[in-house]
Every structure is written in structure tokens, then in C-alpha cells.
$ cat target_3.txt   # compact mmCIF, C-alpha atoms
# COMPACT_ATOMS: atom_id res chain seq x y z
CA MET A 13 53.76 -14.02 -66.56
CA THR A 14 52.64 -15.49 -63.21
CA ARG A 15 55.59 -16.07 -60.90
CA LEU A 16 55.94 -19.74 -59.92
CA ARG A 17 56.34 -20.59 -56.27
CA GLY A 18 58.46 -23.49 -55.08
CA GLY A 19 55.71 -26.11 -55.19
CA ALA A 20 54.57 -25.03 -58.64
CA ALA A 21 58.12 -25.18 -59.97
CA VAL A 22 58.57 -28.74 -58.65
CA ALA A 23 55.27 -29.77 -60.21
CA ALA A 24 56.34 -28.30 -63.54
CA ALA A 25 59.61 -30.21 -63.41
CA MET A 26 57.80 -33.48 -62.62
CA LEU A 27 55.44 -32.88 -65.55
CA GLY A 28 58.44 -32.44 -67.83
CA MET A 29 59.87 -35.79 -66.65
CA VAL A 30 56.55 -37.50 -67.35
CA VAL A 31 56.52 -36.11 -70.89
CA LEU A 32 60.09 -37.27 -71.54
CA LEU A 33 59.45 -40.76 -70.20
CA THR A 34 56.00 -41.46 -71.59
CA GLY A 35 55.49 -39.03 -74.47
CA CYS A 36 52.57 -36.59 -74.70
CA GLU A 37 49.74 -39.11 -74.59
CA GLY A 38 47.30 -38.28 -71.81
CA VAL A 39 49.08 -35.06 -70.84
CA ASP A 40 47.14 -31.78 -71.23
CA LEU A 41 49.41 -29.24 -72.89
CA PRO A 42 48.57 -25.62 -73.75
CA SER A 43 46.70 -25.25 -77.03
CA ASP A 44 48.19 -23.21 -79.86
CA SER A 45 44.85 -21.43 -80.03
CA GLU A 46 45.33 -19.73 -76.66
CA PRO A 47 45.83 -15.96 -77.02
CA SER A 48 49.42 -14.79 -76.79
CA GLY A 49 50.18 -12.88 -73.62
CA SER A 50 47.30 -14.47 -71.70
CA ALA A 51 47.90 -15.32 -68.05
CA PRO A 52 46.42 -18.44 -66.43
CA ALA A 53 45.99 -16.67 -63.09
CA VAL A 54 43.72 -14.12 -64.75
CA GLY A 55 41.85 -16.25 -67.26
CA SER A 56 40.92 -19.06 -64.89
CA GLY A 57 40.00 -19.67 -61.28
CA ARG A 58 37.80 -17.13 -59.52
CA ALA A 59 37.92 -14.30 -62.06
CA VAL A 60 34.56 -13.53 -63.71
CA SER A 61 33.89 -11.96 -67.09
CA PRO A 62 32.43 -8.45 -66.81
CA LEU A 63 29.61 -9.59 -69.10
CA ASP A 64 28.57 -12.01 -66.33
CA ASN A 65 29.23 -9.53 -63.53
CA PRO A 66 27.13 -6.41 -64.27
CA ASP A 67 27.12 -5.14 -60.68
CA GLY A 68 30.81 -5.71 -59.95
CA THR A 69 30.25 -7.90 -56.91
CA GLU A 70 32.08 -10.94 -58.32
CA PRO A 71 35.89 -11.16 -58.32
CA GLY A 72 38.43 -10.30 -60.96
CA LEU A 73 38.23 -9.44 -64.63
CA ALA A 74 38.32 -12.60 -66.75
CA ALA A 75 39.28 -12.33 -70.41
CA ILE A 76 36.58 -12.13 -73.09
CA THR A 77 37.71 -14.50 -75.82
CA SER A 78 34.84 -15.95 -77.85
CA ASP A 79 33.49 -14.23 -80.96
CA ALA A 80 29.98 -14.32 -79.51
CA ASP A 81 31.04 -12.59 -76.31
CA LYS A 82 33.08 -10.01 -78.21
CA ALA A 83 29.96 -9.24 -80.25
CA LYS A 84 28.02 -8.74 -77.00
CA ALA A 85 30.80 -6.49 -75.77
CA ARG A 86 30.64 -4.33 -78.90
CA ASP A 87 26.85 -4.06 -78.59
CA LEU A 88 27.27 -2.82 -75.02
CA ILE A 89 29.99 -0.30 -75.94
CA ALA A 90 27.89 0.97 -78.85
CA LYS A 91 25.31 2.25 -76.34
CA VAL A 92 27.83 4.60 -74.71
CA ALA A 93 27.31 8.30 -75.53
CA THR A 94 30.19 10.54 -76.58
CA LYS A 95 31.17 14.17 -76.06
CA GLY A 96 34.28 16.26 -75.66
CA ARG A 97 36.20 16.17 -72.40
CA GLY A 98 35.43 19.22 -70.28
CA PRO A 99 37.80 21.26 -68.11
CA LYS A 100 39.30 19.90 -64.91
CA THR A 101 38.57 23.17 -63.12
CA GLY A 102 37.42 22.61 -59.54
CA TYR A 103 38.31 18.92 -59.41
CA ASP A 104 39.48 17.55 -56.08
CA ARG A 105 39.44 13.97 -54.80
CA ASP A 106 37.49 15.15 -51.76
CA GLU A 107 34.61 16.13 -54.05
CA PHE A 108 33.98 12.36 -54.27
CA GLY A 109 34.12 11.79 -50.51
CA TYR A 110 36.98 10.51 -48.41
CA ALA A 111 38.72 7.28 -49.34
CA TRP A 112 37.45 4.65 -48.65
CA MET A 113 34.09 5.42 -47.10
CA ASP A 114 31.50 2.80 -46.17
CA SER A 115 28.65 5.30 -46.21
CA ALA A 116 27.97 6.01 -49.89
CA PRO A 117 24.31 7.02 -49.84
CA GLY A 118 23.00 5.50 -53.08
CA GLY A 119 22.88 1.84 -52.09
CA VAL A 120 25.92 0.67 -54.07
CA PRO A 121 26.94 -2.93 -53.29
CA PHE A 122 29.00 -3.47 -50.10
CA SER A 123 28.14 -0.02 -48.69
CA HIS A 124 27.06 0.21 -45.04
CA ASN A 125 28.41 -3.28 -44.28
CA GLY A 126 30.80 -2.12 -41.54
CA CYS A 127 33.90 -2.50 -43.70
CA ASP A 128 35.58 0.20 -45.78
CA THR A 129 35.56 -0.01 -49.57
CA ARG A 130 39.25 -0.87 -50.00
CA ASN A 131 39.05 -3.90 -47.73
CA ASP A 132 35.80 -4.98 -49.41
CA LEU A 133 37.62 -5.06 -52.74
CA LEU A 134 40.67 -6.89 -51.37
CA LYS A 135 38.31 -9.53 -49.94
CA ARG A 136 36.40 -9.75 -53.21
CA ASP A 137 39.41 -10.36 -55.45
CA GLY A 138 42.06 -11.84 -53.16
CA ASP A 139 42.95 -15.49 -52.59
CA ASP A 140 44.32 -16.87 -49.32
CA VAL A 141 42.97 -13.76 -47.57
CA ARG A 142 44.07 -13.25 -43.96
CA PHE A 143 42.59 -10.72 -41.56
CA ARG A 144 43.84 -8.73 -38.60
CA SER A 145 43.34 -10.64 -35.37
CA GLY A 146 39.80 -10.16 -34.11
CA SER A 147 38.57 -8.65 -37.40
CA ASP A 148 36.68 -10.02 -40.37
CA CYS A 149 37.26 -6.80 -42.29
CA VAL A 150 40.88 -5.59 -42.22
CA VAL A 151 42.89 -7.64 -44.73
CA THR A 152 46.54 -8.11 -43.72
CA SER A 153 47.71 -10.41 -46.52
CA MET A 154 46.44 -12.09 -49.67
CA THR A 155 47.42 -13.28 -53.12
CA LEU A 156 46.11 -11.27 -56.06
CA ALA A 157 45.85 -12.40 -59.68
CA ASP A 158 46.41 -8.95 -61.15
CA PRO A 159 44.41 -8.57 -64.38
CA TYR A 160 46.35 -5.53 -65.60
CA THR A 161 49.78 -7.23 -65.69
CA GLY A 162 48.81 -10.91 -65.68
CA GLU A 163 51.10 -11.46 -62.68
CA GLU A 164 50.42 -12.93 -59.28
CA ILE A 165 51.14 -10.57 -56.39
CA ASP A 166 51.77 -11.76 -52.84
CA TRP A 167 50.53 -8.75 -50.89
CA VAL A 168 50.94 -7.79 -47.25
CA LYS A 169 49.53 -4.73 -45.52
CA ALA A 170 53.01 -3.59 -44.49
CA ARG A 171 53.63 -2.87 -48.20
CA ALA A 172 50.13 -1.58 -48.86
CA THR A 173 50.80 0.43 -52.03
CA THR A 174 52.02 -2.59 -54.00
CA VAL A 175 48.30 -3.16 -54.61
CA GLN A 176 46.11 -0.15 -55.34
CA ILE A 177 42.38 0.08 -56.04
CA ASP A 178 41.88 1.42 -59.55
CA HIS A 179 38.88 3.52 -60.50
CA VAL A 180 38.32 2.02 -63.94
CA MET A 181 36.61 5.22 -65.04
CA PRO A 182 38.90 7.70 -63.24
CA LEU A 183 37.32 10.24 -60.93
CA SER A 184 38.93 13.20 -62.69
CA TYR A 185 37.61 11.81 -66.00
CA ASP A 186 34.15 11.53 -64.39
CA TRP A 187 34.40 15.15 -63.28
CA GLN A 188 35.27 16.34 -66.77
CA MET A 189 32.50 14.29 -68.39
CA GLY A 190 29.68 15.58 -66.18
CA ALA A 191 30.17 14.60 -62.53
CA ALA A 192 31.10 18.20 -61.67
CA ARG A 193 27.36 18.94 -61.85
CA TRP A 194 26.30 15.99 -59.70
CA THR A 195 25.29 15.97 -56.06
CA LYS A 196 28.04 15.06 -53.62
CA GLY A 197 26.20 11.82 -52.82
CA LYS A 198 26.22 10.61 -56.43
CA ARG A 199 29.94 11.32 -56.66
CA GLU A 200 30.46 9.30 -53.47
CA ASP A 201 28.56 6.43 -55.09
CA ILE A 202 30.72 6.21 -58.21
CA ALA A 203 33.89 6.52 -56.11
CA ASN A 204 32.90 3.50 -53.99
CA ASP A 205 30.90 1.38 -56.45
CA PRO A 206 32.59 -2.04 -56.88
CA LEU A 207 31.60 -1.90 -60.54
CA ASN A 208 34.18 0.88 -60.94
CA LEU A 209 36.88 -0.63 -58.71
CA ILE A 210 39.57 -3.26 -59.28
CA PRO A 211 42.59 -4.11 -57.05
CA VAL A 212 45.67 -4.05 -59.30
CA ASP A 213 49.43 -3.68 -59.34
CA GLY A 214 50.25 -0.31 -57.76
CA PRO A 215 52.87 1.03 -60.21
CA THR A 216 50.73 0.02 -63.19
CA ASN A 217 47.77 1.87 -61.75
CA GLY A 218 50.00 4.90 -61.21
CA SER A 219 50.94 4.92 -64.89
CA LYS A 220 47.27 5.17 -65.85
CA SER A 221 46.58 8.41 -63.95
CA ASP A 222 43.23 9.81 -65.23
CA SER A 223 43.54 8.47 -68.78
CA GLY A 224 40.70 7.14 -70.89
CA PRO A 225 41.12 4.03 -73.09
CA ALA A 226 42.47 6.02 -76.05
CA SER A 227 45.49 7.03 -73.92
CA TRP A 228 45.96 4.01 -71.64
CA LEU A 229 45.13 0.30 -71.67
CA PRO A 230 46.29 -2.51 -69.38
CA PRO A 231 49.68 -3.99 -70.41
CA ASN A 232 48.07 -7.45 -70.42
CA LYS A 233 46.58 -7.49 -73.93
CA ALA A 234 44.41 -10.52 -73.16
CA ILE A 235 42.32 -8.47 -70.74
CA ARG A 236 41.81 -5.30 -72.77
CA CYS A 237 38.35 -6.15 -74.12
CA SER A 238 37.19 -6.94 -70.58
CA TYR A 239 38.68 -3.69 -69.31
CA VAL A 240 36.84 -1.53 -71.85
CA VAL A 241 33.60 -3.43 -71.22
CA ARG A 242 33.88 -2.53 -67.55
CA PHE A 243 34.59 1.08 -68.55
CA ALA A 244 31.41 1.00 -70.64
CA GLN A 245 29.37 -0.53 -67.82
CA VAL A 246 30.32 2.31 -65.49
CA SER A 247 29.62 4.88 -68.21
CA LEU A 248 26.15 3.49 -68.84
CA LYS A 249 25.20 3.05 -65.18
CA TYR A 250 26.08 6.64 -64.34
CA GLU A 251 25.05 8.12 -67.69
CA LEU A 252 28.50 9.56 -68.25
CA PRO A 253 29.69 9.91 -71.86
CA VAL A 254 33.20 9.14 -73.08
CA THR A 255 35.22 10.92 -75.74
CA LYS A 256 34.83 9.83 -79.33
CA ALA A 257 38.46 8.66 -79.40
CA ASP A 258 37.91 6.59 -76.25
CA LYS A 259 34.80 4.91 -77.67
CA GLU A 260 36.59 4.07 -80.93
CA MET A 261 39.43 2.51 -78.97
CA MET A 262 37.00 0.58 -76.78
CA LEU A 263 35.30 -0.95 -79.82
CA ARG A 264 38.66 -1.81 -81.35
CA GLN A 265 39.71 -3.82 -78.30
CA CYS A 266 36.70 -6.11 -78.78
CA GLY A 267 37.16 -6.61 -82.51
CA GLY A 268 35.27 -3.56 -83.74

$ encode --input "target_3.txt" --output "C-alpha cells"
Amino acid sequence: MTRLRGGAAVAAAMLGMVVLLTGCEGVDLPSDSEPSGSAPAVGSGRAVSPLDNPDGTEPGLAAITSDADKAKARDLIAKVATKGRGPKTGYDRDEFGYAWMDSAPGGVPFSHNGCDTRNDLLKRDGDDVRFRSGSDCVVTSMTLADPYTGEEIDWVKARATTVQIDHVMPLSYDWQMGAARWTKGKREDIANDPLNLIPVDGPTNGSKSDSGPASWLPPNKAIRCSYVVRFAQVSLKYELPVTKADKEMMLRQCGG
């Protein structure tokens, strides 16, 4: 699904000529065993599997494909507690601090580094990152391998909302599952913890709203096991349960 730029298109055409002239010997072609719907920009390069990135400081959300890793994923998800979703009464985004604060009090990665959370995440996941003149913080352009759609996005700050920062475990969901009883500081932590944050395609993030995995999953099927693993990691770190339906769906995405 990744959009080819001019140079990539020329390279693809040259590869086709080589195949026609010399046959397939010595040319690496995609294997039939690759999962349908997978996207090279997401499954390769800088993206890291959530199983190898338990604190969320490494970039991307690489696909989990091997049977052994899917078994590890199911073991992790199995540890997540379940309960019914509580009322949304009293929820407000401001209950989790202003977006995107650099002063979360609980020592989450990247906090208190002089750069706001959104720019930290754009730097973490972006390629060809460019900054505002005189700044090593404010990102003005980058290329993002979006895990949710499998597409490559050429982003510029002038069209900021084309890339949004998704709370994997949505803040309203957190509120309903127990965060309403937390201190303000703990809510600020989960709202700014890179473990719970992924830069993604803006409209796709908008379609998710505050859904759990039983109601919404990324359109890119190849990444769904990784997505629910990250959901589970946030749940376990903050001791927040998920609904029974969400946990069943999470297990299903990893072969359970």
C-alpha cells in the first residue's frame, strides 16, 4: 500500500527489465509465504516489534509474524484483567493534563527533556525528520511509515492533522476502566507515556475514537497482533483492566 515516489518507480521498472532479459535467477522476489496485506514500510526498516520494545522508546510497530512470537503475545495478553466498562461521567481531556505536556511527574520516558510529547513521538517514528530553524525539537517535516494503514505519509507541519498521535488505550477508555479514581499526576503519565502513543494517519485515528479492540482494529491486518500487544502492555503497566470482549478479540488477533 506504500505510495512509490519517482525514484522507487524507476527502480521497479528497471527490475522488471532485468527479469525479462535474464529470468528470475539471482533476483529476490516476494515470497508467497508473506502475509497478505502486509506493508514493507511497516514490517521492515526502523519499526520495532512491541515484544522487543516494552517501554515504547523505540520507533514504530513492526508486525508479529512467527508462531513463537504470537505465543509470547498470547501469554502477555492472558495476564490482562477484565471487568465491565464503567460510566464516562466526569471525563474530560483536561483531566489528563494539557496536550502535549513535557512535565508528566511519574518519570515516563522523554518527559522533562525540553521537548513536548508530540514532537518527541514524531522524532521517534519519523524518517527524514527536519526541524524548525534553530530548534532540535520542533519537527516541520518527515516521512512516516504509518502502521495503521500500511501507507507512507509525507508530512509537513502546515498540514499537521494529517498525522495524529494515537493513544493506543484511549484516555476515555482509561477513565471508564479506573483512571477516574487516579491522581491527576498518574493520568498525566498515561497520557504522555510513549508506550501508549503512536503517530498515525489522522483520519484513521479519528475513526477509532475511544474504542477498544472489540470495536476497532487497525485497517492493516498485518499489524493487528502488534497493536493488541501494545494495548496489553499499557493495560498491565497501569493496572487497568479491559472488557471481556476486548480481551477475547486481543487473543484472537494473535492466534488465540

$ atom_distance --input "target_3.txt" --atom1 "atom CA of Ala234 of chain A" --atom2 "atom CA of Thr255 of chain A"
23.5 Å

$ atom_distance --input "target_3.txt" --atom1 "atom CA of Pro215 of chain A" --atom2 "atom CA of Asp132 of chain A"
21.1 Å

$ residues_around --input "target_3.txt" --residues "Pro231 of chain A" --least-positions-apart "3" --cutoff "9 Å" --atoms "all atoms listed in the file" --output "count of residues only"
8

$ closest_residue --input "target_3.txt" --among "A:Ser219, A:Ser147, A:Thr77, A:Thr94" --to "Gln265 of chain A" --atoms "only C-alpha atoms"
A:Thr77

$ closest_residue --input "target_3.txt" --among "A:Ala80, A:Ala226, A:Val254, A:Ile165" --to "Lys95 of chain A" --atoms "only C-alpha atoms"
A:Val254

$ residues_around --input "target_3.txt" --residues "Ser247 of chain A" --least-positions-apart "2" --cutoff "10 Å" --atoms "all atoms listed in the file" --output "list in words"
Ile89, Lys91, Val92, Ala93, Met181, Asp186, Met189, Asn208, Val241, Arg242, Phe243, Ala244, Gln245, Lys249, Tyr250, Glu251, Leu252, Pro253 and Val254 of chain A

$ residues_around --input "target_3.txt" --residues "Leu229 of chain A" --least-positions-apart "5" --cutoff "9 Å" --atoms "only C-alpha atoms" --output "MDAnalysis selection string"
chainID A and resid 160 220 223:224 236 239:240

$ atom_distance --input "target_3.txt" --atom1 "atom CA of Asp140 of chain A" --atom2 "atom CA of Met154 of chain A"
5.2 Å

$ closest_residue --input "target_3.txt" --among "A:Pro117, A:Gly146, A:Gly218, A:Pro159" --to "Asn232 of chain A" --atoms "all atoms listed in the file"
A:Pro159

$ decode --input "target_3.txt" --residues "segment 215-262 of chain A" --atoms "C-alpha atoms" --output "PDB file, in the first residue's frame"
ATOM      1  CA  PRO A 215      -8.431  10.233   9.582  1.00  0.00           C
ATOM      2  CA  THR A 216      -7.823   6.620  10.615  1.00  0.00           C
ATOM      3  CA  ASN A 217      -7.160   7.709  14.172  1.00  0.00           C
ATOM      4  CA  GLY A 218     -10.361   9.746  14.081  1.00  0.00           C
ATOM      5  CA  SER A 219     -12.364   6.660  13.126  1.00  0.00           C
ATOM      6  CA  LYS A 220     -11.112   4.870  16.238  1.00  0.00           C
ATOM      7  CA  SER A 221     -12.462   7.417  18.745  1.00  0.00           C
ATOM      8  CA  ASP A 222     -12.386   5.779  22.227  1.00  0.00           C
ATOM      9  CA  SER A 223     -12.977   2.210  21.027  1.00  0.00           C
ATOM     10  CA  GLY A 224     -11.415  -0.899  22.496  1.00  0.00           C
ATOM     11  CA  PRO A 225     -10.160  -3.755  20.277  1.00  0.00           C
ATOM     12  CA  ALA A 226     -13.569  -5.458  20.135  1.00  0.00           C
ATOM     13  CA  SER A 227     -14.965  -2.385  18.339  1.00  0.00           C
ATOM     14  CA  TRP A 228     -11.956  -1.122  16.357  1.00  0.00           C
ATOM     15  CA  LEU A 229      -8.723  -2.536  14.941  1.00  0.00           C
ATOM     16  CA  PRO A 230      -6.221  -1.008  12.512  1.00  0.00           C
ATOM     17  CA  PRO A 231      -7.209  -1.485   8.837  1.00  0.00           C
ATOM     18  CA  ASN A 232      -3.770  -3.018   8.199  1.00  0.00           C
ATOM     19  CA  LYS A 233      -4.437  -6.627   9.221  1.00  0.00           C
ATOM     20  CA  ALA A 234      -0.726  -7.461   9.335  1.00  0.00           C
ATOM     21  CA  ILE A 235      -0.249  -5.190  12.333  1.00  0.00           C
ATOM     22  CA  ARG A 236      -3.249  -6.190  14.442  1.00  0.00           C
ATOM     23  CA  CYS A 237      -1.435  -8.619  16.738  1.00  0.00           C
ATOM     24  CA  SER A 238       1.204  -5.970  17.434  1.00  0.00           C
ATOM     25  CA  TYR A 239      -1.495  -3.393  18.116  1.00  0.00           C
ATOM     26  CA  VAL A 240      -3.269  -5.525  20.721  1.00  0.00           C
ATOM     27  CA  VAL A 241       0.056  -6.436  22.342  1.00  0.00           C
ATOM     28  CA  ARG A 242       0.737  -2.734  22.804  1.00  0.00           C
ATOM     29  CA  PHE A 243      -2.779  -2.324  24.218  1.00  0.00           C
ATOM     30  CA  ALA A 244      -1.996  -5.120  26.679  1.00  0.00           C
ATOM     31  CA  GLN A 245       1.353  -3.589  27.637  1.00  0.00           C
ATOM     32  CA  VAL A 246      -0.326  -0.320  28.583  1.00  0.00           C
ATOM     33  CA  SER A 247      -3.064  -2.179  30.471  1.00  0.00           C
ATOM     34  CA  LEU A 248      -0.528  -4.135  32.514  1.00  0.00           C
ATOM     35  CA  LYS A 249       1.788  -1.203  33.227  1.00  0.00           C
ATOM     36  CA  TYR A 250      -1.042   0.924  34.582  1.00  0.00           C
ATOM     37  CA  GLU A 251      -3.035  -1.947  36.095  1.00  0.00           C
ATOM     38  CA  LEU A 252      -6.092  -1.067  34.041  1.00  0.00           C
ATOM     39  CA  PRO A 253      -8.435  -3.911  33.072  1.00  0.00           C
ATOM     40  CA  VAL A 254     -10.100  -4.305  29.688  1.00  0.00           C
ATOM     41  CA  THR A 255     -13.553  -5.622  28.893  1.00  0.00           C
ATOM     42  CA  LYS A 256     -14.009  -9.341  28.403  1.00  0.00           C
ATOM     43  CA  ALA A 257     -14.959  -8.774  24.758  1.00  0.00           C
ATOM     44  CA  ASP A 258     -11.809  -6.705  24.198  1.00  0.00           C
ATOM     45  CA  LYS A 259      -9.557  -9.366  25.730  1.00  0.00           C
ATOM     46  CA  GLU A 260     -11.151 -12.108  23.621  1.00  0.00           C
ATOM     47  CA  MET A 261     -10.573 -10.038  20.496  1.00  0.00           C
ATOM     48  CA  MET A 262      -6.986  -9.315  21.520  1.00  0.00           C
TER      49      MET A 262
END
